[in-house]
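Remarks on the structure that follows.
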Amino acid sequence: MNLDWSESQELLRKTARDFFARESPPAKVKQLEKTPARQDPDLWRKIASLGWLGLPFPEKYGGANGSFLDLVALLEEMGRAAIVSPFLSSVVLSGDLLLKAGSDAQKERLLPAIANGSAIVAVALCESDASYAPDDVQLTANLSSPLEGEELSKREPSALRGEGASVPPWRLSGTKLFVLDGLSADHFIVAARTKPGKGPAGISLFVVDATSPSITRAPLASFGGEAQAEVRFDNVIVPDDALLGPLHKGWPLVRAYLRRGALAMCAQMVGGAQQALDMTVAYAKQRIQFGRPIGSFQAIQHKCADMATDVDTARYLTYYAAWKQDAKQQNALEISQAKAWLSDAYRRVAREAQQIHAGIAYVDDHDLQLYFRRAKAGEVLFGDADFHLREVASLLKL
Amino acid sequence: MNLDWSESQELLRKTARDFFARESPPAKVKQLEKTPARQDPDLWRKIASLGWLGLPFPEKYGGANGSFLDLVALLEEMGRAAIVSPFLSSVVLSGDLLLKAGSDAQKERLLPAIANGSAIVAVALCESDASYAPDDVQLTANLSSPLEGEELSKREPSALRGEGASVPPWRLSGTKLFVLDGLSADHFIVAARTKPGKGPAGISLFVVDATSPSITRAPLASFGGEAQAEVRFDNVIVPDDALLGPLHKGWPLVRAYLRRGALAMCAQMVGGAQQALDMTVAYAKQRIQFGRPIGSFQAIQHKCADMATDVDTARYLTYYAAWKQDAKQQNALEISQAKAWLSDAYRRVAREAQQIHAGIAYVDDHDLQLYFRRAKAGEVLFGDADFHLREVASLLKL
Amino acid sequence: MDFAYSKQERRFQKELHDFLTKEVPTDIKSRMLGQIESESGQAFQRDFIKKLIEKKWMAVSWPKEYGGQAKPAIEQLLYAWELSYFHVSPGQTGMSVVGPTLIHFGTEEQKQTFLPMIARGEVTFCLGYTEPNAGSDLASLQTRADRDGDDWVINGQKIFTSGADRSDYCWLAARTDQSVPKHKGISMFLVDMKTPGISVQPLITLAGYRTNITYWDNVRVPASRLVGEVNRGWYYAAAALDFERIALFPWGRLEYEFDELVRYCKGTMRGGKPLSKHPEVRKRVAALSIEMSAMKLLAVRAAWMIGRNRIPNYEASMLKMFATEFQQRLSNAGMQIAGLFGLLPDGAPHAALDGLINYRYRYAVMPTFGGGSSELMRNIIAQRGLGLPR
Amino acid sequence: MDFAYSKQERRFQKELHDFLTKEVPTDIKSRMLGQIESESGQAFQRDFIKKLIEKKWMAVSWPKEYGGQAKPAIEQLLYAWELSYFHVSPGQTGMSVVGPTLIHFGTEEQKQTFLPMIARGEVTFCLGYTEPNAGSDLASLQTRADRDGDDWVINGQKIFTSGADRSDYCWLAARTDQSVPKHKGISMFLVDMKTPGISVQPLITLAGYRTNITYWDNVRVPASRLVGEVNRGWYYAAAALDFERIALFPWGRLEYEFDELVRYCKGTMRGGKPLSKHPEVRKRVAALSIEMSAMKLLAVRAAWMIGRNRIPNYEASMLKMFATEFQQRLSNAGMQIAGLFGLLPDGAPHAALDGLINYRYRYAVMPTFGGGSSELMRNIIAQRGLGLPR
């Protein structure tokens with residue numbers, strides 16, 4: 001048992017905190033939020049130069065072979081600084097999907113590029129329901145029209161027929177919503193229906209060049225600050241080797257993606273909640289009303305105590321789930337517990353932070369609003385409390 | 001618009017408060033709770049002599065023709081004094097079922113007896129699920145075995161065949177749980193299945209003599225203080241004229257009973273919550289810790305403010321639903337709103353009252369415990385918050 | 001006990017409702033987001049005031065001798081409720097704060113100068129109360145007014161002076177006596193916003209609308225514009241605040257938000273069925289409906305007390321606290337029901353209820369501290385209402 | 001960061017678990033309701049202590065020279081957790097309060113007299129802290145001890161002296177100096193409960209078990225039974241309380257209650273399907289499972305800090321507050337799930353989980369004020385933990 005960070009993790013935390021304070025102060029974050037793509041190439045290059053974009057990748061792909069807890073350390077500081085970047089999408093999630101399911105060629109092509117910052121990869125999952133349920137995946141991936149006399153049943157893609165065989169490319173049609181970092185992405189990992197229907201069967205993943213002229217992208221200006229986009233695929237032709245992972249059986253990968261995304265969000269949210277608490281405590285100590293610091297009023301003290309309890313419980317639920325990940329233990333339950341808790345806890349913390357700051361933080365450019373808005377977005381992204389409570393109930397075998 | 005009680009209602013409230021303070025002080029209530037039947041014949045006689053047992057009945061049945069708000073005034077004082085009596089069962093609910101659905105003979109036989117206190121009538125509804133759902137009614141009422149050669153289909157009861165025809169009696173078999181005032185009752189109104197199955201169809205009500213030797217009763221010592229009983233009907237023979245209301249179509253009467261019970265509970269709960277608040281405020285003013293009355297601490301003040309808000313909102317939700325009842329307006333929505341709110345609000349008030357009283361009220365014979373326990377029982381009786389929230393959603397046509 | 005509205009009240013309510021349904025276009029209703037602070041919203045409000053004046057509905061609460069309708073408190077509540085349901089609240093500060101205070105405490109000259117203008121909607125006011133170091137502790141305000149000949153000279157800084165950029169006058173609290181305990185040395189002024197020395201700096205809020213910081217640099221105000229008596233300003237402000245909390249807070253907006261949320265739940269498919277058929281959504285909306293009813297009843301109680309000349313003290317605070325906290329729960333529930341679509345503000349494609357849900361979530365942050373924080377309201381309920389010791 | 005238990009910790013946990021599963025009969029488990037205070041429960045506990053002594057598991061936390069096992073903090077936590085899961089908590093006051101305090105602060109004679117007896121389970125203690133007018137404000141206690149020759153003479157009244165009727169000694173806080181600020185004049189005594197002048201009056205609690213009022217009328221205690229130094233009692237009590245809050249609070253009981261509730265939900269049909277298939281129940285139980293995990297992690301953190309010789313200050317208070325409030329939410333959820341069946345206490349036919357649910361609901365009232373109220377815990381978190389000013 002050891003609840004301390006390792007020395008190298010402490011160094012990473014400190015480096016990250018100093019770096020973000022210097023390179024991505026709140027004023028800059030707020031400026032960035034006003035741009036459509038919400039991506040700062042300059043900041044991204046600097047992050048890349050620190051080696052963080054390959055943190056979780058094996059060394060052979062230009063990575064640092066870091067643990068999930070290393071990622072947590074970094075994500076927490078990102079959440080604390082409320083930075084806006086495609087780190088989660090590209091490094092934590094797309095990178096992991098490629099590592100898990102990519103062919104050697106896919107990995108060699110994309111992972112080093114992600115790690116050196118030259119490629120941003122984003123996942124396109126949600127559609128009109130935006131519910132993270134398999135039924136929401138309705139974008140179709142069809143094989144190109146059959147050659148004369150050819151039977152469709154023979155037109156299995158090479159993944160099923162062995163390497164080298166060539167088949168006509170896939171055609172993707174549909175609209176994805178809430179594609180995180182969808183405007184800055186160079187590639188998409190797209191969840192598509194390779195068999196029509198509902199439910200988890202028949203869903204496959206494809207790696208798609210985001211610059212295809214048949215792709216249209218538009219920002220969805222989430223008030224949470226994260227870079228959301230609507231992405232239309234209008235009969236986008238992708239080659240057969242774009243298939244990522246098994247044909248028709250991509251949903252388990254999506255589930256893994258959602259879980260990893262939820263846990264990574266938790267780490268960011270812990271950092272953000274801690275920052276909102278720290279700002280509030282500092283304010284309550286210096287703000288004088290009725291001749292006393294407002295932090296001396298019992299009502300304020302008790303609110304702060306509850307906020308601290310939310311932060312501490314959220315922190316350890318997150319660390320525990322992350323530790324299990326590194327220990328290669330089943331942690332779906334712990335992830336859903338942490339995310340369900342944080343979805344509410346961060347919002348509670350941010351809400352009380354606003355109440356204690358009162359008017360001064362109701363001004364649009366007050367730094368606290370970053371956290372108020374991040375808390376609400378974090379609550380919903382990768383499954384809200386209700387979603388994860390249902391998961392918990394199932395995992396408890398209720 | 002007038003939110004004051006009328007002069008006569010004010011008189012009723014004051015009379016009731018003085019009467020219960022004198023005749024049913026907390027010490028006496030707690031003694032009564034320790035007896036199996038939880039009914040004090042002496043107190044009952046005194047209440048009868050005040051005319052309150054006929055309060056809602058027409059004058060011709062020995063009643064006072066009171067409004068529902070009159071009842072609310074009285075029930076609120078009963079809740080404030082936390083008295084234990086079959087008033088709710090016998091007067092408010094059974095009396096109303098008889099008025100609504102009883103034959104002239106049934107009304108003439110029972111209502112004056114209820115009003116003068118010589119008969120106590122209790123409703124036997126719940127069974128093994130205790131869920132207030134129609135499926136929970138499984139006690140069977142069968143017509144006695146057919147005569148030789150007689151077809152069952154011809155054996156309709158007189159209610160269907162016109163007056164005067166005679167048929168063999170009904171036989172009731174099954175077990176009822178949570179029969180309020182089941183031990184002190186002289187008669188039961190029993191919900192039974194006259195057609196086997198589930199759902200609301202095929203349920204009929206019967207008025208049954210509680211002293212039948214085929215009826216076995218045992219107390220269910222609810223910690224809430226109310227007089228619950230298990231009542232077994234072992235092939236109890238009841239005459240054809242025991243049928244109350246329409247054959248097979250008794251469920252609407254049960255629904256009306258549940259709604260009226262819920263609203264009457266609300267009135268009692270408002271009185272109890274107010275009393276718990278009053279006790280707590282009084283205690284917080286006189287209890288000194290750290291050299292000050294604890295009521296001067298902001299944490300205590302804010303708890304008390306929340307309690308007062310719970311009480312006031314509960315009070316007006318209840319009065320509004322009751323007023324609509326008297327105004328002959330649909331009030332199913334308002335009743336379910338009030339009961340869902342009170343189920344939580346009274347418990348919150350009682351819980352904070354305990355926390356502010358701390359140790360002293362954790363002693364079993366402290367008066368506050370009456371309210372702590374009543375609050376929990378009241379929460380569940382006649383539908384808990386979840387039950388009534390479902391009702392509200394349906395009534396809002398969601 | 002009788003919760004029924006009188007025939008006259010019902011008639012007034014119906015008349016209002018019919019008028020508003022006719023006069024307030026649906027597209028304004030559905031796009032009311034921050035409109036009150038927007039240019040187009042302002043233009044609409046100005047036009048709308050003329051129609052209200054035609055209907056003699058501008059100064060419903062005022063005595064007839066000042067151009068009012070002398071409507072009883074319940075009708076005032078109905079008026080405020082209906083107007084706020086339709087998101088029109090013309091001349092709020094003038095009607096609800098300045099007017100009533102002048103009627104009760106103003107000099108004859110002030111009444112004659114200002115009341116007819118207010119009643120005709122010809123003049124707008126901003127409130128100059130809060131300062132950077134005087135929020136909940138308003139009595140510690142430091143903006144000072146020093147007597148100089150026939151004038152008062154005002155120096156200081158105010159914050160959250162909403163509407164300062166487009167108001168004709170400021171209803172300003174300033175310290176006129178430094179030597180007495182803090183709430184005893186405050187006076188209230190009617191300051192023409194064109195007076196030299198006033199500068200206005202915008203502050204954009206979380207909800208997107210504009211408020212201001214105002215700087216007061218040797219602003220000269222004639223002595224005749226000191227309201228009522230010198231050093232009595234604190235009592236005037238307190239009286240106005242009590243009044244404002246009850247009748248004219250825009251609680252009708254919450255009902256509109258609730259109704260729109262219900263419409264959204266019924267009309268939005270999720271997982272193959274309307275949101276309103278999801279058990280979690282049903283439960284949440286049902287619970288909100290109860291709080292909605294409770295809030296209305298608290299509002300009715302306060303108005304009824306005023307109508308009976310009973311002074312609601314803790315009852316007004318309870319209403320304010322409950323309604324504003326309910327508004328947060330309501331808007332939060334809306335966000336939770338809308339999911340990712342709730343993250344999108346007004347103007348973004350796919351925004352839930354055209355961004356209403358998102359706007360309200362951001363807006364609802366403010367009322368629990370603006371106009372008396374929930375913490376202060378709880379202090380008042382405990383001390384004034386329950387008699388707990390300070 | 002590493003949440004794994006060491007091999008040794010896991011072995012200890014497994015050994016404990018196997019032992020307890022074998023030694024604690026199911027019917028005690030299922031009928032543990034208030035057993036700790038009942039005759040049969042007491043008899044079981046006495047027998048059980050002998051078995052613990054055989055296993056050398058009685059004084060796991062103490063230094064070896066005092067008959068202990070000197071187990072590290074994490075193993076102490078596992079020990080407390082497992083034992084409380086099985087509802088056996090032998091000699092809690094002696095082991096967790098008296099023993100450690102004597103080890104740190106007692107005189108040599110006190111250590112030699114008491115520690116072996118405690119370690120062998122031969123002596124029981126009650127806590128004499130709270131007085132009718134000294135609850136949260138414990139330092140205002142008025143029971144006095146006056147020096148008279150070689151004795152101290154004690155006069156006063158204590159309340160909530162649980163176990164006073166069957167304990168050998170009272171661990172008594174009394175005022176030995178009236179002239180200094182209140183927490184500076186308190187000393188701690190070991191008082192033989194057979195000493196003349198002590199009378200014990202039962203108080204039955206809401207949960208059904210007995211506690212007591214004790215009256216102290218010229219009770220003579222030899223000076224050698226004043227613990228450590230005179231007037232240092234407040235610091236001893238505070239140190240003991242911090243210790244007690246962490247390791248030996250019976251948090252395992254909550255896990256047992258949660259597990260039993262899950263069993264109830266899975267095994268109880270309602271509306272034609274198990275309760276655990278009702279969406280509302282699933283959501284509620286899932287939420288409880290999260291709080292359960294959070295509580296465990298807070299407990300692990302506190303124990304781990306102690307193991308690293310870091311003193312948990314606000315962390316212990318946070319654990320105590322969170323766990324006791326969770327216990328109320330847990331027992332309340334149990335009652336809500338059980339519905340009418342939850343109203344029935346131990347012994348009533350049809351009682352949910354044989355009355356466990358009802359018992360726990362009544363019991364859970366107490367821990368949020370007993371042993372330091374939630375209000376005090378929040379003060380501590382805010383002031384000691386976050387550095388907010390007093």
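Within each chain, counting starts at residue 1; across the structure tokens, chains are named A, B, ... in the order shown, with ligands numbered 1 upward in that order.
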
Could you please write out, as a PyMOL selection string, every residue of range 251-360 of chain C that DSSP assigns to alpha helix (DSSP H)? chain C and resi 252-267+279-307+314-338+356-360

Using only C-alpha atoms, find the residues of chain B whose closest atom to chain D is at most 8 Å away, then write them as number ranges by chain. B: 129-131, 135-136, 178, 220-224, 288-290, 299, 351, 354-355, 358-359, 362-365, 369, 376-377, 380-381, 384

Work out how far CA of Ile294 in chain B is from CA of Ala145 in chain D, in Å to one decimal. 27.9 Å

Distance criterion (only C-alpha atoms): nearest to Glu352 in chain A out of A:Ala305, A:Leu139, A:Ala242, A:Leu43: A:Ala305

Using only C-alpha atoms, select each residue of chain B with any atom at most 12 Å away from an atom of chain A, and give the selection as a list of chain:residue names. B:Ser296, B:Phe297, B:Gln298, B:Ala299, B:Ile300, B:Gln301, B:His302, B:Lys303

Quick one: write out the picked residues with all heavy atoms as a PDB file, in the first residue's frame?
ATOM      1  N   SER B 296     -27.755  29.854  18.118  1.00  0.00           N
ATOM      2  CA  SER B 296     -27.067  31.029  17.574  1.00  0.00           C
ATOM      3  C   SER B 296     -25.980  30.628  16.584  1.00  0.00           C
ATOM      4  O   SER B 296     -25.407  31.488  15.923  1.00  0.00           O
ATOM      5  CB  SER B 296     -26.462  31.860  18.702  1.00  0.00           C
ATOM      6  OG  SER B 296     -25.388  31.165  19.306  1.00  0.00           O
ATOM      7  N   PHE B 297     -25.687  29.340  16.480  1.00  0.00           N
ATOM      8  CA  PHE B 297     -24.703  28.900  15.480  1.00  0.00           C
ATOM      9  C   PHE B 297     -25.346  28.893  14.098  1.00  0.00           C
ATOM     10  O   PHE B 297     -26.476  28.431  13.934  1.00  0.00           O
ATOM     11  CB  PHE B 297     -24.172  27.501  15.812  1.00  0.00           C
ATOM     12  CG  PHE B 297     -23.233  27.486  16.975  1.00  0.00           C
ATOM     13  CD1 PHE B 297     -23.694  27.189  18.243  1.00  0.00           C
ATOM     14  CD2 PHE B 297     -21.886  27.795  16.807  1.00  0.00           C
ATOM     15  CE1 PHE B 297     -22.838  27.192  19.329  1.00  0.00           C
ATOM     16  CE2 PHE B 297     -21.021  27.796  17.886  1.00  0.00           C
ATOM     17  CZ  PHE B 297     -21.490  27.495  19.148  1.00  0.00           C
ATOM     18  N   GLN B 298     -24.593  29.378  13.138  1.00  0.00           N
ATOM     19  CA  GLN B 298     -25.162  29.499  11.795  1.00  0.00           C
ATOM     20  C   GLN B 298     -25.546  28.126  11.234  1.00  0.00           C
ATOM     21  O   GLN B 298     -26.551  27.993  10.530  1.00  0.00           O
ATOM     22  CB  GLN B 298     -24.158  30.187  10.871  1.00  0.00           C
ATOM     23  CG  GLN B 298     -24.805  30.820   9.662  1.00  0.00           C
ATOM     24  CD  GLN B 298     -23.806  31.524   8.760  1.00  0.00           C
ATOM     25  OE1 GLN B 298     -22.628  31.197   8.737  1.00  0.00           O
ATOM     26  NE2 GLN B 298     -24.281  32.502   8.006  1.00  0.00           N
ATOM     27  N   ALA B 299     -24.756  27.099  11.537  1.00  0.00           N
ATOM     28  CA  ALA B 299     -25.082  25.763  11.019  1.00  0.00           C
ATOM     29  C   ALA B 299     -26.443  25.302  11.528  1.00  0.00           C
ATOM     30  O   ALA B 299     -27.228  24.707  10.784  1.00  0.00           O
ATOM     31  CB  ALA B 299     -23.995  24.764  11.418  1.00  0.00           C
ATOM     32  N   ILE B 300     -26.729  25.598  12.794  1.00  0.00           N
ATOM     33  CA  ILE B 300     -28.023  25.204  13.366  1.00  0.00           C
ATOM     34  C   ILE B 300     -29.129  26.081  12.779  1.00  0.00           C
ATOM     35  O   ILE B 300     -30.216  25.600  12.442  1.00  0.00           O
ATOM     36  CB  ILE B 300     -27.994  25.321  14.906  1.00  0.00           C
ATOM     37  CG1 ILE B 300     -26.846  24.490  15.500  1.00  0.00           C
ATOM     38  CG2 ILE B 300     -29.341  24.921  15.506  1.00  0.00           C
ATOM     39  CD1 ILE B 300     -26.958  23.013  15.306  1.00  0.00           C
ATOM     40  N   GLN B 301     -28.847  27.366  12.658  1.00  0.00           N
ATOM     41  CA  GLN B 301     -29.858  28.261  12.094  1.00  0.00           C
ATOM     42  C   GLN B 301     -30.250  27.840  10.679  1.00  0.00           C
ATOM     43  O   GLN B 301     -31.430  27.836  10.322  1.00  0.00           O
ATOM     44  CB  GLN B 301     -29.333  29.696  12.075  1.00  0.00           C
ATOM     45  CG  GLN B 301     -29.147  30.273  13.475  1.00  0.00           C
ATOM     46  CD  GLN B 301     -29.066  31.786  13.482  1.00  0.00           C
ATOM     47  OE1 GLN B 301     -28.955  32.413  12.421  1.00  0.00           O
ATOM     48  NE2 GLN B 301     -29.142  32.373  14.661  1.00  0.00           N
ATOM     49  N   HIS B 302     -29.264  27.483   9.899  1.00  0.00           N
ATOM     50  CA  HIS B 302     -29.580  27.129   8.519  1.00  0.00           C
ATOM     51  C   HIS B 302     -30.333  25.809   8.443  1.00  0.00           C
ATOM     52  O   HIS B 302     -31.219  25.644   7.606  1.00  0.00           O
ATOM     53  CB  HIS B 302     -28.302  27.119   7.674  1.00  0.00           C
ATOM     54  CG  HIS B 302     -27.820  28.503   7.351  1.00  0.00           C
ATOM     55  ND1 HIS B 302     -26.955  28.776   6.332  1.00  0.00           N
ATOM     56  CD2 HIS B 302     -28.136  29.710   7.901  1.00  0.00           C
ATOM     57  CE1 HIS B 302     -26.723  30.085   6.283  1.00  0.00           C
ATOM     58  NE2 HIS B 302     -27.424  30.661   7.229  1.00  0.00           N
ATOM     59  N   LYS B 303     -30.003  24.888   9.310  1.00  0.00           N
ATOM     60  CA  LYS B 303     -30.793  23.657   9.361  1.00  0.00           C
ATOM     61  C   LYS B 303     -32.240  23.994   9.723  1.00  0.00           C
ATOM     62  O   LYS B 303     -33.180  23.474   9.124  1.00  0.00           O
ATOM     63  CB  LYS B 303     -30.230  22.701  10.415  1.00  0.00           C
ATOM     64  CG  LYS B 303     -29.047  21.851   9.967  1.00  0.00           C
ATOM     65  CD  LYS B 303     -28.551  20.999  11.155  1.00  0.00           C
ATOM     66  CE  LYS B 303     -27.190  20.396  10.877  1.00  0.00           C
ATOM     67  NZ  LYS B 303     -27.251  19.260   9.950  1.00  0.00           N
TER      68      LYS B 303
END

Can you list, as a PyMOL selection string, all residues belonging to range 201-294 of chain A that DSSP tags as strand (DSSP E or B)? chain A and resi 203-209+215-220+228-238+243-244+249+288-289+292-293

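Counting from CA of Arg390 in chain B, the distance to CA of Leu342 in chain B is 15.1 Å.
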
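In terms of minimum interatomic distance to chain C, D:Lys283 ranks closest within D:Trp57, D:Met377, D:Ala316, D:Lys283, counting only C-alpha atoms.
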
Considering only C-alpha atoms, return as a compact mmCIF listing (two decimals) with all heavy atoms, in the first residue's frame whatever protein or nucleic-acid residues lie within 10 Å of Leu55 in chain A, sequence-local ones (same chain, fewer than 6 positions apart) excluded.
# COMPACT_ATOMS: atom_id res chain seq x y z
N ALA A 48 4.09 18.51 -27.30
CA ALA A 48 4.77 17.41 -28.02
C ALA A 48 6.25 17.39 -27.67
O ALA A 48 6.84 16.32 -27.43
CB ALA A 48 4.57 17.58 -29.53
N GLY A 62 7.65 5.68 -30.44
CA GLY A 62 8.01 7.03 -30.02
C GLY A 62 7.40 7.41 -28.69
O GLY A 62 7.30 8.59 -28.35
N GLY A 63 6.98 6.40 -27.94
CA GLY A 63 6.30 6.68 -26.68
C GLY A 63 7.21 6.56 -25.48
O GLY A 63 8.40 6.26 -25.60
N ALA A 64 6.62 6.82 -24.31
CA ALA A 64 7.38 6.80 -23.07
C ALA A 64 6.99 5.61 -22.19
O ALA A 64 7.47 5.48 -21.07
CB ALA A 64 7.16 8.09 -22.30
N ASN A 65 6.08 4.79 -22.73
CA ASN A 65 5.71 3.57 -22.02
C ASN A 65 5.16 3.86 -20.62
O ASN A 65 5.40 3.11 -19.68
CB ASN A 65 6.95 2.66 -21.92
CG ASN A 65 6.55 1.20 -22.05
OD1 ASN A 65 5.39 0.88 -22.35
ND2 ASN A 65 7.50 0.32 -21.81
N GLY A 66 4.44 4.95 -20.52
CA GLY A 66 3.95 5.33 -19.20
C GLY A 66 2.76 4.49 -18.74
O GLY A 66 2.09 3.83 -19.54
N SER A 67 2.53 4.51 -17.44
CA SER A 67 1.40 3.79 -16.87
C SER A 67 0.14 4.64 -16.98
O SER A 67 0.21 5.83 -17.33
CB SER A 67 1.67 3.49 -15.40
OG SER A 67 1.70 4.70 -14.67
N PHE A 68 -0.99 4.05 -16.65
CA PHE A 68 -2.21 4.86 -16.65
C PHE A 68 -2.14 5.90 -15.54
O PHE A 68 -2.62 7.02 -15.69
CB PHE A 68 -3.47 4.00 -16.51
CG PHE A 68 -4.69 4.73 -16.98
CD1 PHE A 68 -5.10 4.68 -18.30
CD2 PHE A 68 -5.42 5.54 -16.10
CE1 PHE A 68 -6.21 5.39 -18.74
CE2 PHE A 68 -6.53 6.26 -16.53
CZ PHE A 68 -6.92 6.19 -17.86
N ASP A 70 0.47 7.45 -14.61
CA ASP A 70 1.23 8.58 -15.15
C ASP A 70 0.30 9.51 -15.92
O ASP A 70 0.36 10.74 -15.80
CB ASP A 70 2.33 8.09 -16.11
CG ASP A 70 3.41 7.29 -15.39
OD1 ASP A 70 3.55 7.46 -14.16
OD2 ASP A 70 4.10 6.51 -16.06
N LEU A 71 -0.56 8.89 -16.74
CA LEU A 71 -1.55 9.69 -17.47
C LEU A 71 -2.44 10.47 -16.52
O LEU A 71 -2.75 11.64 -16.75
CB LEU A 71 -2.44 8.78 -18.32
CG LEU A 71 -2.03 8.48 -19.75
CD1 LEU A 71 -3.12 7.65 -20.42
CD2 LEU A 71 -1.82 9.78 -20.53
N LEU A 74 -0.86 13.56 -15.28
CA LEU A 74 -0.85 14.63 -16.28
C LEU A 74 -2.25 15.18 -16.52
O LEU A 74 -2.47 16.41 -16.58
CB LEU A 74 -0.25 14.07 -17.58
CG LEU A 74 -0.03 15.07 -18.72
CD1 LEU A 74 0.84 16.24 -18.28
CD2 LEU A 74 0.62 14.35 -19.91
N VAL A 91 -4.33 11.17 -27.90
CA VAL A 91 -3.32 10.37 -27.21
C VAL A 91 -3.97 9.27 -26.37
O VAL A 91 -3.67 8.08 -26.51
CB VAL A 91 -2.43 11.27 -26.33
CG1 VAL A 91 -1.41 10.43 -25.58
CG2 VAL A 91 -1.76 12.33 -27.19
N VAL A 92 -4.86 9.72 -25.48
CA VAL A 92 -5.39 8.77 -24.48
C VAL A 92 -6.33 7.76 -25.13
O VAL A 92 -6.30 6.58 -24.81
CB VAL A 92 -6.12 9.53 -23.35
CG1 VAL A 92 -6.63 8.56 -22.30
CG2 VAL A 92 -5.18 10.55 -22.72
N ALA A 115 2.38 10.71 -31.45
CA ALA A 115 3.35 10.97 -30.39
C ALA A 115 4.18 12.22 -30.68
O ALA A 115 4.57 12.95 -29.77
CB ALA A 115 4.26 9.76 -30.20

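Restricting the calculation to only C-alpha atoms, the smallest distance between chain C and any of D:Ala73, D:His278, D:Leu141, D:Pro116 is found for D:His278.
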
Which is closer to chain D than all the others in C:Ser293, C:Lys273, C:Leu52, C:Pro279, using only C-alpha atoms? C:Pro279

Which polymer residues have any atom within 6 Å of an atom of range 259-274 of chain A, counting only C-alpha atoms, with same-chain residues fewer than 3 positions away left out, as a PyMOL selection string? chain A and resi 72+75-77+79-80+256+277+315+335+339+346+382

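Near Trp81 in chain D, within 8 Å and counting only C-alpha atoms, sit D:Leu77, D:Tyr85, D:Leu248, D:Pro250, D:Trp251, D:Gly252, D:Arg253, not including residues fewer than 4 positions from it in the same chain.
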
I need the residues from that last selection saved to file as an mmCIF file, in the first residue's frame (with C-alpha atoms), if you can.
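Result file is selection-v4.cif:
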data_model
loop_
_atom_site.group_PDB
_atom_site.id
_atom_site.type_symbol
_atom_site.label_atom_id
_atom_site.label_comp_id
_atom_site.auth_asym_id
_atom_site.auth_seq_id
_atom_site.Cartn_x
_atom_site.Cartn_y
_atom_site.Cartn_z
ATOM 1 C CA LEU D 77 -7.757 -1.487 9.942
ATOM 2 C CA TYR D 85 -18.256 -7.005 9.657
ATOM 3 C CA LEU D 248 -11.435 1.048 15.286
ATOM 4 C CA PRO D 250 -16.806 -0.328 13.181
ATOM 5 C CA TRP D 251 -17.040 0.552 9.521
ATOM 6 C CA GLY D 252 -17.144 -3.122 8.549
ATOM 7 C CA ARG D 253 -20.670 -3.162 9.895
#

Counting only C-alpha atoms, what is within 7 Å of range 176-190 of chain D, bar same-chain residues fewer than 3 positions away, as a count of residues only? 18
